[in-house]
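Raw contents of start-v5.cif, mmCIF, C-alpha atoms:
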data_entry
#
loop_
_atom_site.label_atom_id
_atom_site.label_comp_id
_atom_site.auth_asym_id
_atom_site.auth_seq_id
_atom_site.Cartn_x
_atom_site.Cartn_y
_atom_site.Cartn_z
CA MET A 1 18.12 -30.09 18.61
CA ALA A 2 19.06 -32.43 21.47
CA GLU A 3 20.23 -35.07 18.96
CA GLN A 4 22.43 -32.52 17.17
CA THR A 5 23.92 -31.42 20.48
CA LEU A 6 24.71 -35.05 21.33
CA LYS A 7 26.47 -35.54 18.01
CA ASP A 8 28.52 -32.38 18.51
CA LYS A 9 29.83 -33.51 21.90
CA ILE A 10 33.35 -34.95 22.05
CA PRO A 11 33.12 -38.56 23.32
CA PRO A 12 34.43 -39.06 26.88
CA HIS A 13 38.17 -39.71 26.94
CA ASN A 14 41.29 -38.80 28.87
CA GLU A 15 44.32 -38.52 26.61
CA GLU A 16 46.67 -37.92 29.55
CA ALA A 17 45.56 -41.17 31.22
CA GLU A 18 45.99 -43.06 27.94
CA THR A 19 49.53 -41.76 27.37
CA ALA A 20 50.43 -42.35 31.03
CA THR A 21 49.20 -45.96 30.81
CA LEU A 22 51.21 -46.70 27.67
CA GLY A 23 54.25 -44.86 28.99
CA ALA A 24 54.17 -46.84 32.25
CA MET A 25 54.05 -50.10 30.28
CA LEU A 26 57.16 -49.07 28.34
CA LEU A 27 58.85 -47.92 31.52
CA ASP A 28 58.11 -51.13 33.42
CA PRO A 29 57.07 -54.29 31.51
CA ASP A 30 55.74 -55.74 34.78
CA ALA A 31 52.99 -53.11 34.59
CA ILE A 32 51.58 -54.86 31.51
CA SER A 33 50.12 -57.70 33.59
CA GLU A 34 48.29 -55.09 35.66
CA VAL A 35 46.90 -53.18 32.69
CA ILE A 36 45.60 -56.14 30.67
CA ARG A 37 43.20 -56.97 33.52
CA TYR A 38 41.30 -53.80 32.68
CA LEU A 39 41.87 -52.80 29.07
CA ARG A 40 41.41 -54.01 25.50
CA PRO A 41 42.72 -52.08 22.47
CA ASP A 42 39.27 -50.62 21.73
CA ASP A 43 39.18 -49.05 25.20
CA PHE A 44 41.64 -46.41 23.98
CA PHE A 45 40.02 -43.41 22.31
CA LYS A 46 42.96 -42.28 20.18
CA ASN A 47 43.62 -44.59 17.21
CA ALA A 48 47.39 -44.21 17.63
CA HIS A 49 47.07 -45.46 21.21
CA LYS A 50 44.99 -48.45 20.09
CA ARG A 51 47.77 -49.45 17.68
CA VAL A 52 50.51 -48.99 20.28
CA TYR A 53 48.62 -51.04 22.86
CA GLN A 54 47.89 -53.83 20.37
CA ALA A 55 51.58 -53.99 19.44
CA ILE A 56 52.56 -54.21 23.12
CA LEU A 57 50.05 -57.05 23.60
CA ASP A 58 51.45 -58.91 20.58
CA LEU A 59 54.99 -58.65 21.98
CA PHE A 60 53.76 -59.71 25.41
CA ASN A 61 51.86 -62.75 24.06
CA ARG A 62 54.95 -63.92 22.17
CA GLY A 63 57.11 -63.52 25.26
CA ASP A 64 59.36 -60.96 23.54
CA ALA A 65 61.14 -58.13 25.33
CA ILE A 66 59.14 -54.91 25.47
CA ASP A 67 60.91 -51.57 25.23
CA LEU A 68 61.02 -48.58 22.92
CA ILE A 69 63.22 -50.35 20.36
CA THR A 70 61.21 -53.60 20.13
CA LEU A 71 57.92 -51.71 20.05
CA THR A 72 59.12 -49.46 17.22
CA GLU A 73 60.30 -52.49 15.25
CA GLU A 74 56.99 -54.31 15.84
CA LEU A 75 55.01 -51.36 14.49
CA LYS A 76 57.38 -51.02 11.52
CA THR A 77 56.90 -54.69 10.65
CA LYS A 78 53.14 -54.18 10.58
CA ASN A 79 53.42 -50.92 8.61
CA MET A 80 51.73 -49.16 11.50
CA LEU A 81 54.52 -46.95 12.84
CA GLU A 82 53.25 -43.74 11.26
CA GLY A 83 49.67 -44.59 12.27
CA ALA A 84 50.92 -44.96 15.84
CA GLY A 85 52.37 -41.45 15.82
CA GLY A 86 55.89 -42.22 14.64
CA ALA A 87 59.14 -42.99 16.46
CA THR A 88 59.34 -39.54 18.04
CA TYR A 89 55.86 -39.89 19.56
CA LEU A 90 56.73 -43.31 21.02
CA ALA A 91 59.80 -41.83 22.67
CA GLU A 92 57.65 -39.08 24.15
CA LEU A 93 55.24 -41.66 25.62
CA SER A 94 57.89 -43.24 27.81
CA SER A 95 59.28 -39.88 28.89
CA ARG A 96 55.94 -38.38 29.96
CA VAL A 97 55.49 -40.61 33.00
CA PRO A 98 58.17 -40.69 35.74
CA THR A 99 57.03 -43.94 37.39
CA SER A 100 54.75 -46.93 36.78
CA ALA A 101 53.50 -46.93 40.37
CA ASN A 102 50.10 -45.46 39.44
CA VAL A 103 49.49 -47.51 36.29
CA GLU A 104 46.42 -49.29 37.71
CA TYR A 105 44.83 -45.94 38.50
CA TYR A 106 45.55 -44.68 34.96
CA ALA A 107 44.11 -47.87 33.42
CA LYS A 108 40.90 -47.54 35.45
CA ILE A 109 40.44 -43.98 34.17
CA VAL A 110 40.84 -45.21 30.57
CA GLN A 111 38.37 -48.04 31.25
CA GLU A 112 35.78 -45.71 32.77
CA CYS A 113 35.98 -43.36 29.78
CA SER A 114 35.57 -46.35 27.46
CA ILE A 115 32.45 -47.48 29.32
CA ARG A 116 31.03 -43.96 29.12
CA ARG A 117 31.58 -43.90 25.34
CA LYS A 118 29.91 -47.28 24.93
CA LEU A 119 27.05 -46.14 27.15
CA ALA A 120 26.60 -43.05 24.96
CA ARG A 121 26.62 -45.27 21.86
CA VAL A 122 23.97 -47.57 23.35
CA ALA A 123 21.88 -44.55 24.33
CA SER A 124 22.10 -43.18 20.78
CA GLU A 125 20.99 -46.54 19.39
CA ILE A 126 18.05 -46.60 21.81
CA ILE A 127 17.01 -43.12 20.70
CA ALA A 128 17.30 -44.07 17.02
CA THR A 129 15.32 -47.32 17.30
CA SER A 130 12.61 -45.70 19.42
CA PHE A 131 11.67 -43.60 16.37
CA GLU A 132 11.31 -46.67 14.14
CA GLU A 133 7.55 -47.21 14.27
CA SER A 134 7.82 -50.58 12.52
CA ARG A 135 9.78 -52.01 15.45
CA ASP A 136 8.03 -53.84 18.29
CA VAL A 137 8.47 -51.70 21.40
CA ARG A 138 9.12 -54.80 23.54
CA MET A 139 12.00 -55.78 21.28
CA ILE A 140 13.42 -52.26 21.57
CA ILE A 141 13.28 -52.48 25.38
CA GLU A 142 14.87 -55.94 25.31
CA GLU A 143 17.72 -54.75 23.09
CA ALA A 144 18.21 -51.68 25.29
CA GLU A 145 18.47 -53.80 28.44
CA GLN A 146 20.83 -56.19 26.71
CA GLY A 147 23.08 -53.32 25.64
CA ILE A 148 23.15 -51.78 29.12
CA PHE A 149 23.82 -55.02 30.97
CA LYS A 150 26.64 -55.93 28.59
CA LEU A 151 28.47 -52.89 29.90
CA THR A 152 28.29 -54.15 33.50
CA GLU A 153 30.56 -57.05 32.58
CA MET A 154 33.28 -54.61 31.53
CA GLN A 155 33.66 -53.40 35.10
CA SER A 156 34.71 -56.78 36.45
CA SER A 157 38.36 -57.76 36.58
CA SER A 158 39.89 -60.96 37.90
CA ASN A 159 42.02 -60.88 41.01
CA TYR A 160 43.94 -63.62 42.74
CA PHE A 161 44.33 -63.50 46.51
CA ALA A 162 46.40 -65.05 49.27
CA ALA A 163 44.95 -68.00 51.16
CA LYS A 164 45.56 -66.13 54.41
CA ASP A 165 43.01 -63.51 53.33
CA LEU A 166 40.26 -66.15 53.37
CA VAL A 167 41.19 -67.70 56.72
CA PRO A 168 39.46 -65.14 59.01
CA LYS A 169 36.19 -65.30 57.06
CA THR A 170 36.27 -69.11 57.03
CA ILE A 171 36.96 -69.34 60.78
CA GLU A 172 34.18 -66.82 61.40
CA ALA A 173 31.70 -69.03 59.51
CA ILE A 174 32.80 -72.11 61.49
CA GLU A 175 32.47 -70.26 64.80
CA ARG A 176 29.06 -68.91 63.82
CA GLY A 177 27.87 -72.44 63.11
CA TYR A 178 29.31 -73.64 66.43
CA HIS A 179 27.66 -70.92 68.51
CA THR A 180 24.29 -71.00 66.76
CA LYS A 181 24.31 -74.80 66.43
CA GLU A 182 23.13 -74.45 62.84
CA SER A 183 22.89 -77.83 61.14
CA TYR A 184 23.32 -76.41 57.65
CA THR A 185 25.89 -73.98 56.29
CA GLY A 186 23.89 -73.25 53.13
CA ILE A 187 20.25 -72.67 52.23
CA PRO A 188 18.15 -75.69 53.29
CA SER A 189 15.93 -77.18 50.60
CA GLY A 190 13.30 -77.99 53.20
CA PHE A 191 13.90 -81.74 52.76
CA ASP A 192 16.00 -82.92 55.70
CA VAL A 193 17.03 -86.15 53.96
CA LEU A 194 18.66 -84.04 51.25
CA ASP A 195 19.98 -81.27 53.48
CA GLU A 196 21.78 -83.64 55.82
CA LEU A 197 23.91 -84.75 52.86
CA THR A 198 24.47 -81.30 51.32
CA SER A 199 24.33 -79.06 54.43
CA GLY A 200 22.01 -76.94 52.29
CA PHE A 201 22.71 -75.33 48.93
CA GLN A 202 25.96 -73.39 49.24
CA LYS A 203 26.86 -69.95 47.90
CA SER A 204 28.12 -69.95 44.30
CA GLU A 205 27.08 -73.58 43.71
CA PHE A 206 25.61 -74.74 40.41
CA ILE A 207 23.08 -77.46 41.23
CA VAL A 208 21.43 -79.62 38.57
CA VAL A 209 18.21 -81.57 39.19
CA GLY A 210 17.65 -84.22 36.51
CA ALA A 211 14.81 -86.62 35.75
CA ARG A 212 12.85 -88.15 32.90
CA PRO A 213 9.73 -86.31 31.72
CA SER A 214 6.72 -86.49 34.10
CA VAL A 215 8.73 -87.64 37.12
CA GLY A 216 8.23 -84.25 38.80
CA LYS A 217 11.23 -81.97 38.23
CA THR A 218 9.16 -78.78 38.23
CA ALA A 219 7.08 -79.93 41.21
CA PHE A 220 10.24 -80.71 43.18
CA ALA A 221 11.85 -77.36 42.33
CA LEU A 222 8.62 -75.56 43.22
CA SER A 223 8.37 -77.46 46.51
CA MET A 224 11.91 -76.35 47.39
CA ALA A 225 11.18 -72.77 46.30
CA ALA A 226 8.06 -72.74 48.49
CA ASN A 227 9.99 -74.11 51.47
CA ILE A 228 12.70 -71.48 51.08
CA SER A 229 10.47 -68.47 50.37
CA MET A 230 7.43 -69.21 52.55
CA ARG A 231 8.85 -71.08 55.50
CA GLN A 232 12.43 -69.78 55.67
CA LYS A 233 11.41 -66.25 54.60
CA ARG A 234 14.22 -65.94 52.04
CA ALA A 235 14.04 -64.24 48.64
CA VAL A 236 13.80 -66.69 45.72
CA GLY A 237 14.02 -66.14 41.95
CA PHE A 238 12.22 -68.64 39.70
CA PHE A 239 12.68 -68.73 35.91
CA THR A 240 9.89 -70.80 34.34
CA LEU A 241 10.50 -71.27 30.63
CA GLU A 242 8.05 -74.17 30.24
CA MET A 243 4.85 -72.78 31.76
CA SER A 244 3.33 -69.39 32.45
CA GLY A 245 3.62 -67.58 35.75
CA MET A 246 -0.12 -68.04 36.32
CA ALA A 247 0.16 -71.81 35.79
CA LEU A 248 3.01 -71.85 38.30
CA ILE A 249 0.91 -69.99 40.88
CA GLN A 250 -1.94 -72.46 40.31
CA ARG A 251 0.47 -75.27 41.13
CA LEU A 252 1.58 -73.46 44.26
CA LEU A 253 -2.03 -72.91 45.34
CA SER A 254 -2.80 -76.60 44.79
CA SER A 255 0.28 -77.62 46.76
CA GLU A 256 -0.16 -75.21 49.68
CA ALA A 257 -3.96 -75.61 49.92
CA ARG A 258 -3.67 -79.38 49.40
CA LEU A 259 -6.36 -79.34 46.74
CA ASN A 260 -6.52 -81.51 43.63
CA ALA A 261 -4.69 -79.63 40.87
CA ARG A 262 -7.09 -80.71 38.12
CA LYS A 263 -10.14 -79.61 40.12
CA LEU A 264 -8.48 -76.29 40.90
CA ARG A 265 -7.81 -75.65 37.21
CA SER A 266 -11.32 -76.65 36.11
CA GLY A 267 -13.13 -74.87 38.95
CA LEU A 268 -14.68 -78.09 40.34
CA LEU A 269 -14.44 -76.89 43.92
CA ARG A 270 -16.58 -77.00 47.03
CA PRO A 271 -17.43 -73.79 48.89
CA ALA A 272 -15.29 -75.01 51.80
CA ASP A 273 -12.23 -75.22 49.51
CA PHE A 274 -12.07 -71.45 49.17
CA HIS A 275 -10.96 -71.09 52.78
CA SER A 276 -7.90 -73.26 52.02
CA ILE A 277 -7.27 -71.33 48.80
CA THR A 278 -7.43 -68.00 50.63
CA GLU A 279 -4.96 -69.19 53.27
CA ALA A 280 -2.58 -70.52 50.61
CA ALA A 281 -2.90 -67.32 48.58
CA GLY A 282 -1.99 -65.30 51.69
CA LYS A 283 1.22 -67.31 52.14
CA ILE A 284 2.18 -66.82 48.51
CA TYR A 285 1.32 -63.12 48.66
CA GLU A 286 3.67 -62.59 51.60
CA ALA A 287 6.50 -64.69 50.15
CA GLU A 288 9.49 -63.06 48.45
CA LEU A 289 9.12 -65.22 45.36
CA TYR A 290 9.99 -63.50 42.07
CA ILE A 291 8.90 -65.23 38.85
CA GLU A 292 10.15 -64.70 35.30
CA ASP A 293 8.06 -66.58 32.71
CA SER A 294 9.37 -65.33 29.36
CA PRO A 295 9.45 -68.21 26.85
CA ASN A 296 12.39 -68.61 24.45
CA LEU A 297 14.61 -66.69 26.84
CA LYS A 298 18.11 -66.07 25.50
CA LEU A 299 21.08 -66.88 27.68
CA LEU A 300 22.31 -63.30 27.83
CA ASP A 301 18.85 -62.03 28.75
CA LEU A 302 18.51 -64.63 31.48
CA ARG A 303 21.81 -63.56 32.98
CA ALA A 304 20.78 -59.90 32.82
CA LEU A 305 17.44 -60.63 34.49
CA ALA A 306 19.16 -62.72 37.17
CA ARG A 307 21.54 -59.84 37.90
CA ARG A 308 18.58 -57.51 38.18
CA MET A 309 16.81 -59.89 40.59
CA LYS A 310 19.94 -59.96 42.73
CA LEU A 311 20.44 -56.20 42.57
CA GLN A 312 16.82 -55.15 43.13
CA GLN A 313 15.42 -57.98 45.28
CA ASP A 314 18.62 -59.47 46.76
CA VAL A 315 17.48 -63.02 45.96
CA ASP A 316 19.22 -65.75 47.96
CA ILE A 317 18.78 -68.50 45.36
CA ILE A 318 17.63 -68.88 41.75
CA PHE A 319 15.76 -71.80 40.13
CA ILE A 320 15.70 -72.32 36.35
CA ASP A 321 13.14 -74.61 34.67
CA TYR A 322 14.84 -75.81 32.52
CA ILE A 323 18.27 -75.85 30.80
CA SER A 324 17.22 -77.13 27.36
CA LEU A 325 14.69 -74.32 26.90
CA ILE A 326 17.30 -71.57 27.23
CA GLN A 327 18.38 -70.20 23.85
CA ALA A 328 22.13 -70.09 23.31
CA GLU A 329 23.61 -66.91 21.87
CA ASN A 330 24.92 -68.76 18.81
CA MET A 331 22.09 -70.95 17.54
CA GLU A 332 24.22 -72.14 14.62
CA LEU A 333 26.46 -74.22 16.88
CA PRO A 334 25.79 -77.96 17.26
CA ARG A 335 23.25 -78.60 20.01
CA HIS A 336 25.73 -80.17 22.43
CA GLU A 337 27.96 -77.08 22.10
CA GLN A 338 24.97 -74.80 22.76
CA ILE A 339 24.14 -76.72 25.94
CA ALA A 340 27.80 -76.61 26.99
CA GLU A 341 27.79 -72.82 26.55
CA ILE A 342 24.60 -72.53 28.64
CA SER A 343 25.94 -74.82 31.36
CA ARG A 344 29.23 -72.91 31.68
CA SER A 345 27.37 -69.62 31.76
CA LEU A 346 25.01 -70.73 34.54
CA LYS A 347 27.96 -71.91 36.61
CA ALA A 348 29.65 -68.55 36.06
CA LEU A 349 26.40 -66.80 37.03
CA ALA A 350 26.29 -68.63 40.37
CA ARG A 351 29.85 -67.52 41.11
CA GLU A 352 29.24 -63.96 39.94
CA LEU A 353 26.09 -63.48 42.06
CA GLU A 354 27.48 -65.58 44.93
CA ILE A 355 24.21 -67.49 45.33
CA PRO A 356 23.15 -71.06 44.50
CA VAL A 357 21.70 -71.54 41.02
CA VAL A 358 19.47 -74.63 40.67
CA ALA A 359 18.77 -75.69 37.08
CA LEU A 360 16.51 -78.51 35.93
CA SER A 361 17.59 -80.89 33.18
CA GLN A 362 16.07 -83.75 31.21
CA VAL A 363 17.74 -87.16 31.21
CA LYS A 364 17.83 -89.48 28.24
CA ARG A 365 14.66 -91.46 27.58
CA GLU A 366 16.75 -94.62 27.24
CA THR A 367 17.03 -94.62 31.05
CA GLU A 368 13.35 -95.64 31.34
CA GLY A 369 13.11 -98.30 34.04
CA LYS A 370 16.65 -97.90 35.38
CA ARG A 371 18.36 -95.46 37.72
CA PRO A 372 19.85 -92.49 35.90
CA ALA A 373 23.58 -91.85 36.01
CA LEU A 374 25.67 -88.75 35.31
CA ALA A 375 26.24 -89.81 31.71
CA ASP A 376 22.46 -89.78 31.16
CA LEU A 377 22.14 -86.00 31.43
CA ARG A 378 20.68 -85.03 28.10
CA GLU A 379 22.42 -83.34 25.15
CA SER A 380 25.81 -82.52 26.70
CA GLY A 381 28.42 -84.03 28.98
CA SER A 382 29.36 -80.51 30.04
CA ILE A 383 26.44 -80.34 32.47
CA GLU A 384 27.85 -83.09 34.68
CA GLN A 385 31.32 -81.50 34.53
CA ASP A 386 30.13 -77.99 35.38
CA ALA A 387 27.66 -78.93 38.11
CA ASP A 388 28.80 -78.83 41.74
CA VAL A 389 25.84 -81.00 42.76
CA VAL A 390 23.73 -83.35 40.62
CA ILE A 391 20.45 -84.70 42.01
CA PHE A 392 18.30 -87.21 40.15
CA LEU A 393 14.62 -87.94 40.79
CA HIS A 394 13.77 -91.56 40.05
CA ARG A 395 10.87 -93.99 40.30
CA GLU A 396 11.19 -97.65 39.30
CA ARG A 397 8.45 -97.44 36.67
CA GLN A 398 5.83 -94.80 36.00
CA SER A 399 3.19 -97.55 35.83
CA ASP A 400 4.28 -99.11 39.13
CA LYS A 401 3.93 -96.29 41.64
CA LYS A 402 4.84 -97.27 45.17
CA SER A 403 2.25 -95.88 47.57
CA ASP A 404 2.12 -95.71 51.31
CA GLU A 405 -0.72 -97.06 53.38
CA MET A 406 -2.81 -93.94 52.60
CA GLY A 407 -2.62 -94.75 48.90
CA ASN A 408 -1.75 -91.18 47.98
CA GLU A 409 2.02 -90.76 48.33
CA VAL A 410 4.37 -91.97 45.62
CA VAL A 411 7.81 -92.91 46.90
CA THR A 412 10.50 -91.21 44.82
CA GLU A 413 14.24 -91.68 45.06
CA LEU A 414 16.51 -88.67 45.48
CA ILE A 415 19.86 -89.75 44.06
CA ILE A 416 22.71 -87.39 44.92
CA ALA A 417 24.96 -88.60 42.09
CA LYS A 418 27.59 -85.90 42.41
CA GLN A 419 28.63 -83.49 45.12
CA ARG A 420 31.92 -81.72 44.69
CA ASN A 421 32.35 -81.01 48.39
CA GLY A 422 30.32 -83.72 50.08
CA PRO A 423 29.05 -87.30 50.06
CA VAL A 424 26.79 -88.93 47.50
CA GLY A 425 23.91 -91.25 48.28
CA THR A 426 20.25 -92.07 47.83
CA ARG A 427 17.33 -90.90 49.96
CA HIS A 428 13.56 -91.00 49.52
CA VAL A 429 10.79 -88.41 49.43
CA ALA A 430 7.04 -88.56 48.88
CA PHE A 431 5.40 -87.22 45.74
CA ILE A 432 1.69 -86.43 46.03
CA PRO A 433 0.35 -86.36 42.45
CA ASP A 434 -3.02 -84.84 43.39
CA TYR A 435 -1.28 -81.75 44.76
CA THR A 436 1.86 -81.87 42.53
CA ARG A 437 3.77 -81.63 45.80
CA PHE A 438 6.81 -83.30 47.33
CA GLU A 439 7.04 -83.96 51.07
CA ALA A 440 9.24 -85.80 53.53
CA LEU A 441 8.55 -89.49 54.08
CA ALA A 442 7.64 -90.17 57.67
CA ASN A 443 9.26 -93.62 57.64
CA GLU A 444 12.76 -92.60 56.47
CA PRO A 445 14.79 -91.17 59.37
CA VAL A 446 17.40 -88.47 58.81
CA MET A 447 20.82 -90.08 59.25
#
For this file, write the structure as structure tokens.
Amino acid sequence: MAEQTLKDKIPPHNEEAETATLGAMLLDPDAISEVIRYLRPDDFFKNAHKRVYQAILDLFNRGDAIDLITLTEELKTKNMLEGAGGATYLAELSSRVPTSANVEYYAKIVQECSIRRKLARVASEIIATSFEESRDVRMIIEEAEQGIFKLTEMQSSSNYFAAKDLVPKTIEAIERGYHTKESYTGIPSGFDVLDELTSGFQKSEFIVVGARPSVGKTAFALSMAANISMRQKRAVGFFTLEMSGMALIQRLLSSEARLNARKLRSGLLRPADFHSITEAAGKIYEAELYIEDSPNLKLLDLRALARRMKLQQDVDIIFIDYISLIQAENMELPRHEQIAEISRSLKALARELEIPVVALSQVKRETEGKRPALADLRESGSIEQDADVVIFLHRERQSDKKSDEMGNEVVTELIIAKQRNGPVGTRHVAFIPDYTRFEALANEPVM
């Protein structure tokens, strides 16, 4: 009964707003630039209006004059004049609206109705698939979320702005730093040797951390995430595509409790160790650290989940481990094009959410024994182009680990190979293999 009622309903639309939008565009061609920020031909409900709008766009893209005469001729050429309502209807469009002053308002009404129709369509598809018993319920939920979050992108429109509009906010940030004497303008990683070069990870930055396998990319990212969530009390999102959430928590427990990771996994513990584990577990429990461990995560799903983390938990930074494990939307593309698509999308995500996005990346195995360079980022040159900051982890040779006098710390180079808005350089940190943990080196002063 409910399904029949839904089918009987007329889809949301506003014919007056559609005609007013098209009429304003004919009345004032300058209004076209305003409308195309919001609308595509399919956003119009009436087929005649879709054809008229498409014809206007075609004239606009060719740089031709746009008025009643040229529009009529364009539709005639395409044998679409009658389908667009005819010459009389076109004349009525331009006469129905006295001014183009409110065209943006009309366009937004048309856009909102379009979103409502698409939302109804998605809802109908969800209802239909939920009755298909052969379908995996998790796949149905995933498709439903994907359909809903696609609609959120329709509501965004690009705007340019005057430089003067940004001046007050910029001065305010400078003054805040002056009065509070804050050393860093972004989110500190917790490693002073890195933060003094970057001033912390900045809003909307796309940061790439690269290294060969087994150098410690995940451990370094997790050490930064722990510093930010546990010691700075900020909300952190962590996408782990390589290991499970439980394995990640085991690493955190090993790091925070300073217990051998292998012994922790195998249960070879002393009774006294449980006090350290309990303390570490308490820190993790109180931290605003949100973990997503779905394997084979598609790019669109990752973006949707990241938006949800930002919306629901207001995360300050997101870590992704790692780029090559994200599935591109078009798996038929060559691999380097898939990685380029992923890289561009992660950069756009950082800008959209206005938070730093830190993604891990493999470097080519041919770099074994030598310092990695930007060209060594694996599978695509787009990563180095898209990244605002590129940090490499490097040790001279895996078999020649430099240890301090305690024999436990492994000196690792932090190579800031690219920084769009700051200096580059090399610093050093300590890797403690037993705890899969990175720490500051006591003998390297912050410059």
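Taking only C-alpha atoms, the non-local environment of stretch 323-328 of chain A within 7 Å (same-chain residues fewer than 6 positions away omitted) comprises A:Leu241, A:Asn296, A:Leu297, A:Lys298, A:Leu299, A:Gln338, A:Ile342, A:Ala359, A:Leu360, A:Ser361.
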Expand the PyMOL selection byres ((chain A and resi 48-60) around 7) into the individual residues it matches in the shown file, reporting them as an mmCIF file with C-alpha atoms, in the coordinates of the input.
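Output contents, as saved in selection10.cif:
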data_model
loop_
_atom_site.group_PDB
_atom_site.id
_atom_site.type_symbol
_atom_site.label_atom_id
_atom_site.label_comp_id
_atom_site.auth_asym_id
_atom_site.auth_seq_id
_atom_site.Cartn_x
_atom_site.Cartn_y
_atom_site.Cartn_z
ATOM 1 C CA LEU A 22 51.210 -46.700 27.670
ATOM 2 C CA PRO A 41 42.720 -52.080 22.470
ATOM 3 C CA ASP A 42 39.270 -50.620 21.730
ATOM 4 C CA PHE A 44 41.640 -46.410 23.980
ATOM 5 C CA LYS A 46 42.960 -42.280 20.180
ATOM 6 C CA ASN A 47 43.620 -44.590 17.210
ATOM 7 C CA ASN A 61 51.860 -62.750 24.060
ATOM 8 C CA ARG A 62 54.950 -63.920 22.170
ATOM 9 C CA GLY A 63 57.110 -63.520 25.260
ATOM 10 C CA ASP A 64 59.360 -60.960 23.540
ATOM 11 C CA ILE A 66 59.140 -54.910 25.470
ATOM 12 C CA LEU A 71 57.920 -51.710 20.050
ATOM 13 C CA GLU A 74 56.990 -54.310 15.840
ATOM 14 C CA LEU A 75 55.010 -51.360 14.490
ATOM 15 C CA GLY A 83 49.670 -44.590 12.270
ATOM 16 C CA ALA A 84 50.920 -44.960 15.840
ATOM 17 C CA GLY A 85 52.370 -41.450 15.820
#
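Taking atom CA of A:Leu353 as the reference point, atom CA of A:Ser199 is found at 20.0 Å.
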Practice prompt. Could you list the residues chosen by the PyMOL selection byres ((chain A and resi 373) around 12) in this structure as a PyMOL selection string?
Written response: chain A and resi 210-212+363-364+366-368+370-372+374-378+381+384+390-394+415-418
In Å and to one decimal, atom CA of A:Ala101 is distant from atom CA of A:Gly23 by 11.6 Å
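Relative to atom CA of A:Tyr435, atom CA of A:Arg258 is found at 5.7 Å.
Shortest separation to A:Pro423 among A:Cys113, A:Leu197, A:Ala235, A:Leu90 occurs at residue A:Leu197, atoms counted being all atoms listed in the file.
Run against this file, the PyMOL selection byres ((chain A and resi 311-314) around 10) gives back Arg234, Ala235, Val236, Gly237, Glu288, Leu289, Tyr290, Leu305, Ala306, Arg307, Arg308, Met309, Lys310, Val315, Asp316, Ile317, Leu353 and Ile355 of chain A.
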**Residue contacts of A:Phe274 (12 Å, only C-alpha atoms) excluding same-chain residues fewer than 6 positions away, as an MDAnalysis selection string** = chainID A and resid 253:254 257:259 264 267:268 280:281
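Comparing A:Leu248, A:Ile318, A:Leu300, A:Leu81 by their smallest distance to A:Thr436, the closest is A:Leu248 (using all atoms listed in the file).
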